[in-house]
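Comments concern the structure below.
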Amino acid sequence: MKAAVGASNDARRLCSNPWLGYAIPKDKGAARVQDWPVYVINMDSNETRLARVSAELDGTGVAWTRLPAVNGRALSEGALARVYDVRANRRYARHDLVPPEIGCYLSHIKAAEWLLESGAEAAVVLEDDLRITGDFAATLSALQDDLQKRPAAWDMVKLFSFKPVRLDQAQTIGQGFTLGRPDRVPSTTLGYVLTRAGAEKILAKVPPIFRPVDEDHKHFWEFDLRVAMIAPQTIAIGAQETSDGTVGDSRKKMAQKDPIWVRLWRFGRYRVNYRLHLARARAKGL
């Protein structure tokens, strides 16, 4: 696969290097919802999560493929340095990234790469701690129909939000689903649909990375991403435990290295800048 515009060659090789444990398999496009591959990101060591998500998805009739997650804890300092921009992080992010967050981001980059290699028009990207709460297959069918009718309407559709979201420019799709522009992009990557155009836009910018992947989705204007959301949600958060600790556990330990005033300053600066740029983006119709 050719390197995306704007990404360094070293960083691009890191994101598709079999040395990290995830060469693209030949059968990656075999699992599909109609014409879409469905990727479930799962760490090799998290067999319990894999069993749970298998039970959840197998009851929906949705075929899927396991996408081996990148283990950020196992990356060398050199590998981390090739994909993580520390200076940009200190300037634009609200906290330092911990290795598991970097691995998580690389896993989602990998999903975008798999999509482009598959030849499909879109892919469904899921994390392995989800549970099914409704007709998930109907959700995906409605979105596929909408993308066929309006191929340039959106680049990404979020499938879940922790908090209620207001949908602007909303319209009915499929049987009883509503699709619209969220007043705020949810801070989660539990599940989303990504189009080829969306994948290309993301891969043109990253790596290097300097924010968590869900926060980069919130900064959609930096990627020229058209982010939508569907309601009602048919997935929700499930069990969180892992075999080697969560991202939150690692972040709490990392946070102790900075004085409290530094953490408060970074968080406040981040929120002010985010709200300012979000208002500007919405004023431009994004």
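All residue names refer to the structure tokens as shown: chains lettered A, B, ... in order, residues numbered from 1 in each chain, ligands numbered from 1 in order.
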| task | DSSP on the backbone, then: every residue of range 96-283 of chain A marked helix (DSSP H, G or I), written as a PyMOL selection string. | result | chain A and resi 99-118+136-149+196-203+213-218+220-222+247-255+260-283
| message | Excluding range 272-278 of chain A and its own-chain neighbours fewer than 3 positions away, which residues fall within 12 Å of it when counting only C-alpha atoms? Please give them as a list in words. | response | Arg91, Tyr92, Ala93, Arg94, Pro182, Asp183, Arg184, Val185, Glu215, Asp216, His217, Lys218, His219, Phe220, Trp221, Glu222, Trp265, Arg266, Phe267, Gly268, Arg269, Ala281, Arg282, Ala283, Lys284, Gly285 and Leu286 of chain A
Same residues, C-alpha atoms, output as a PDB file, in the first residue's frame:
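File produced: selection-v6.pdb:
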ATOM      1  CA  ARG A  91       0.976  22.028  22.999  1.00  0.00           C
ATOM      2  CA  TYR A  92      -2.409  20.703  21.911  1.00  0.00           C
ATOM      3  CA  ALA A  93      -3.447  17.786  24.141  1.00  0.00           C
ATOM      4  CA  ARG A  94      -4.818  17.786  27.656  1.00  0.00           C
ATOM      5  CA  PRO A 182     -24.048  15.432  16.544  1.00  0.00           C
ATOM      6  CA  ASP A 183     -23.814  18.697  18.433  1.00  0.00           C
ATOM      7  CA  ARG A 184     -20.681  17.164  19.949  1.00  0.00           C
ATOM      8  CA  VAL A 185     -18.769  14.148  18.672  1.00  0.00           C
ATOM      9  CA  GLU A 215     -10.234  13.107  20.833  1.00  0.00           C
ATOM     10  CA  ASP A 216      -8.891  13.350  17.302  1.00  0.00           C
ATOM     11  CA  HIS A 217     -12.338  12.328  16.049  1.00  0.00           C
ATOM     12  CA  LYS A 218     -13.739  15.211  18.102  1.00  0.00           C
ATOM     13  CA  HIS A 219     -11.348  17.519  16.241  1.00  0.00           C
ATOM     14  CA  PHE A 220     -12.969  16.504  12.950  1.00  0.00           C
ATOM     15  CA  TRP A 221     -12.202  19.827  11.245  1.00  0.00           C
ATOM     16  CA  GLU A 222      -8.475  19.044  11.363  1.00  0.00           C
ATOM     17  CA  TRP A 265      -3.611  24.465  33.027  1.00  0.00           C
ATOM     18  CA  ARG A 266      -3.365  21.904  30.237  1.00  0.00           C
ATOM     19  CA  PHE A 267      -6.944  20.768  30.713  1.00  0.00           C
ATOM     20  CA  GLY A 268      -8.308  24.322  30.771  1.00  0.00           C
ATOM     21  CA  ARG A 269      -6.316  25.371  27.713  1.00  0.00           C
ATOM     22  CA  ALA A 281     -16.165  24.780  12.359  1.00  0.00           C
ATOM     23  CA  ARG A 282     -19.906  24.783  12.951  1.00  0.00           C
ATOM     24  CA  ALA A 283     -20.142  28.380  11.737  1.00  0.00           C
ATOM     25  CA  LYS A 284     -18.575  27.182   8.467  1.00  0.00           C
ATOM     26  CA  GLY A 285     -21.206  24.469   8.187  1.00  0.00           C
ATOM     27  CA  LEU A 286     -18.905  21.572   9.104  1.00  0.00           C
TER      28      LEU A 286
END
| message | Here is a test: counting only C-alpha atoms, which residue of A:Lys158, A:Arg49, A:Arg226, A:Lys110 is nearest to Ser187 in chain A? | response |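 Going through A:Lys158, A:Arg49, A:Arg226, A:Lys110 one by one, the smallest distance to Ser187 in chain A is for A:Lys158.
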| Residue with smallest distance to Lys201 in chain A - pool A:Arg150, A:Ala239, A:Leu116, A:Thr48, counting only C-alpha atoms |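 Between A:Arg150, A:Ala239, A:Leu116, A:Thr48, the residue approaching Lys201 in chain A most closely is A:Leu116.
Of the residues listed (A:Pro99, A:Pro207, A:Pro164, A:Gly174), A:Gly174 shows the shortest atom-to-atom separation from Ser141 in chain A; distances use only C-alpha atoms.
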| Contacts of range 168-173 of chain A at 12 Å (only C-alpha atoms; same-chain gap of 5+ positions) as a PyMOL selection string | chain A and resi 138-150+153+178-185+227-232+282+285-286
| query | Near Arg52 in chain A, counting only C-alpha atoms, which residues have an atom at most 9 Å away, once you skip same-chain residues fewer than 5 positions from it, shown as a PyMOL selection string? | reply | chain A and resi 47+57+128-131+239
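Using only C-alpha atoms, the smallest distance between any of A:Ala122, A:Val62, A:Ala137, A:Val38 and Gln233 in chain A comes from A:Ala137.
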| message | List as a ChimeraX atom specification the protein and nucleic acid residues near Glu101 in chain A, meaning an atom at most 7 Å away when only C-alpha atoms are counted, but skip any in the same chain fewer than 3 places from it. | response | /A:97-98,104-105,212,247
Just the selected residues (all heavy atoms), exported as a compact mmCIF listing (two decimals), in the first residue's frame, please.
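Saved the output as part_2.txt:
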# COMPACT_ATOMS: atom_id res chain seq x y z
N LEU A 97 0.22 11.10 26.43
CA LEU A 97 -0.30 9.80 26.05
C LEU A 97 0.52 8.70 26.70
O LEU A 97 1.75 8.78 26.77
CB LEU A 97 -0.28 9.61 24.53
CG LEU A 97 -1.16 10.53 23.70
CD1 LEU A 97 -1.22 10.02 22.25
CD2 LEU A 97 -2.56 10.65 24.26
N VAL A 98 -0.15 7.68 27.18
CA VAL A 98 0.52 6.51 27.73
C VAL A 98 0.60 5.45 26.63
O VAL A 98 -0.18 5.48 25.66
CB VAL A 98 -0.23 5.97 28.96
CG1 VAL A 98 -0.16 6.97 30.09
CG2 VAL A 98 -1.69 5.66 28.63
N CYS A 104 -3.68 1.82 21.14
CA CYS A 104 -5.09 1.91 20.74
C CYS A 104 -5.23 2.70 19.45
O CYS A 104 -5.94 2.29 18.52
CB CYS A 104 -5.90 2.54 21.86
SG CYS A 104 -7.65 2.78 21.46
N TYR A 105 -4.54 3.84 19.37
CA TYR A 105 -4.62 4.67 18.17
C TYR A 105 -4.07 3.90 16.97
O TYR A 105 -4.66 3.90 15.87
CB TYR A 105 -3.85 5.96 18.36
CG TYR A 105 -4.33 7.11 17.50
CD1 TYR A 105 -4.50 8.38 18.01
CD2 TYR A 105 -4.63 6.92 16.13
CE1 TYR A 105 -4.95 9.43 17.23
CE2 TYR A 105 -5.08 7.96 15.34
CZ TYR A 105 -5.23 9.22 15.89
OH TYR A 105 -5.68 10.24 15.11
N PRO A 212 -5.36 11.19 21.99
CA PRO A 212 -6.05 9.90 21.88
C PRO A 212 -6.92 9.87 20.63
O PRO A 212 -7.37 10.92 20.14
CB PRO A 212 -6.91 9.83 23.15
CG PRO A 212 -6.23 10.75 24.11
CD PRO A 212 -5.66 11.85 23.27
N VAL A 247 -6.46 1.40 29.89
CA VAL A 247 -5.82 2.68 29.56
C VAL A 247 -5.94 3.64 30.73
O VAL A 247 -4.99 4.35 31.08
CB VAL A 247 -6.46 3.28 28.29
CG1 VAL A 247 -5.98 4.72 28.10
CG2 VAL A 247 -6.12 2.44 27.07
| task | Find the distance between CA of Thr195 in chain A and CA of Arg166 in chain A and write it in Å to one decimal. | result | 22.7 Å
| task | Go through A:Ala236, A:Val125, A:Val193, A:Met43 and flag the residue nearest Ala111 in chain A, using only C-alpha atoms for the distances. | result | A:Val125
| said: From a backbone DSSP assignment, name each residue in range 34-197 of chain A labelled strand (DSSP E), as a VMD selection string. | reply: chain A and resid 36 to 42 65 to 68 122 to 127 130 to 132 156 to 158 167 to 173 177 to 182 191 to 195
| query | How many Å lie between CA of Pro186 in chain A and CA of Arg73 in chain A, rounded to one decimal? | reply | 25.9 Å
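Each of A:Val124, A:Ala199, A:Leu106, A:Ile132 was compared to Gly59 in chain A using only C-alpha atoms, and A:Ile132 turns out to be the nearest.
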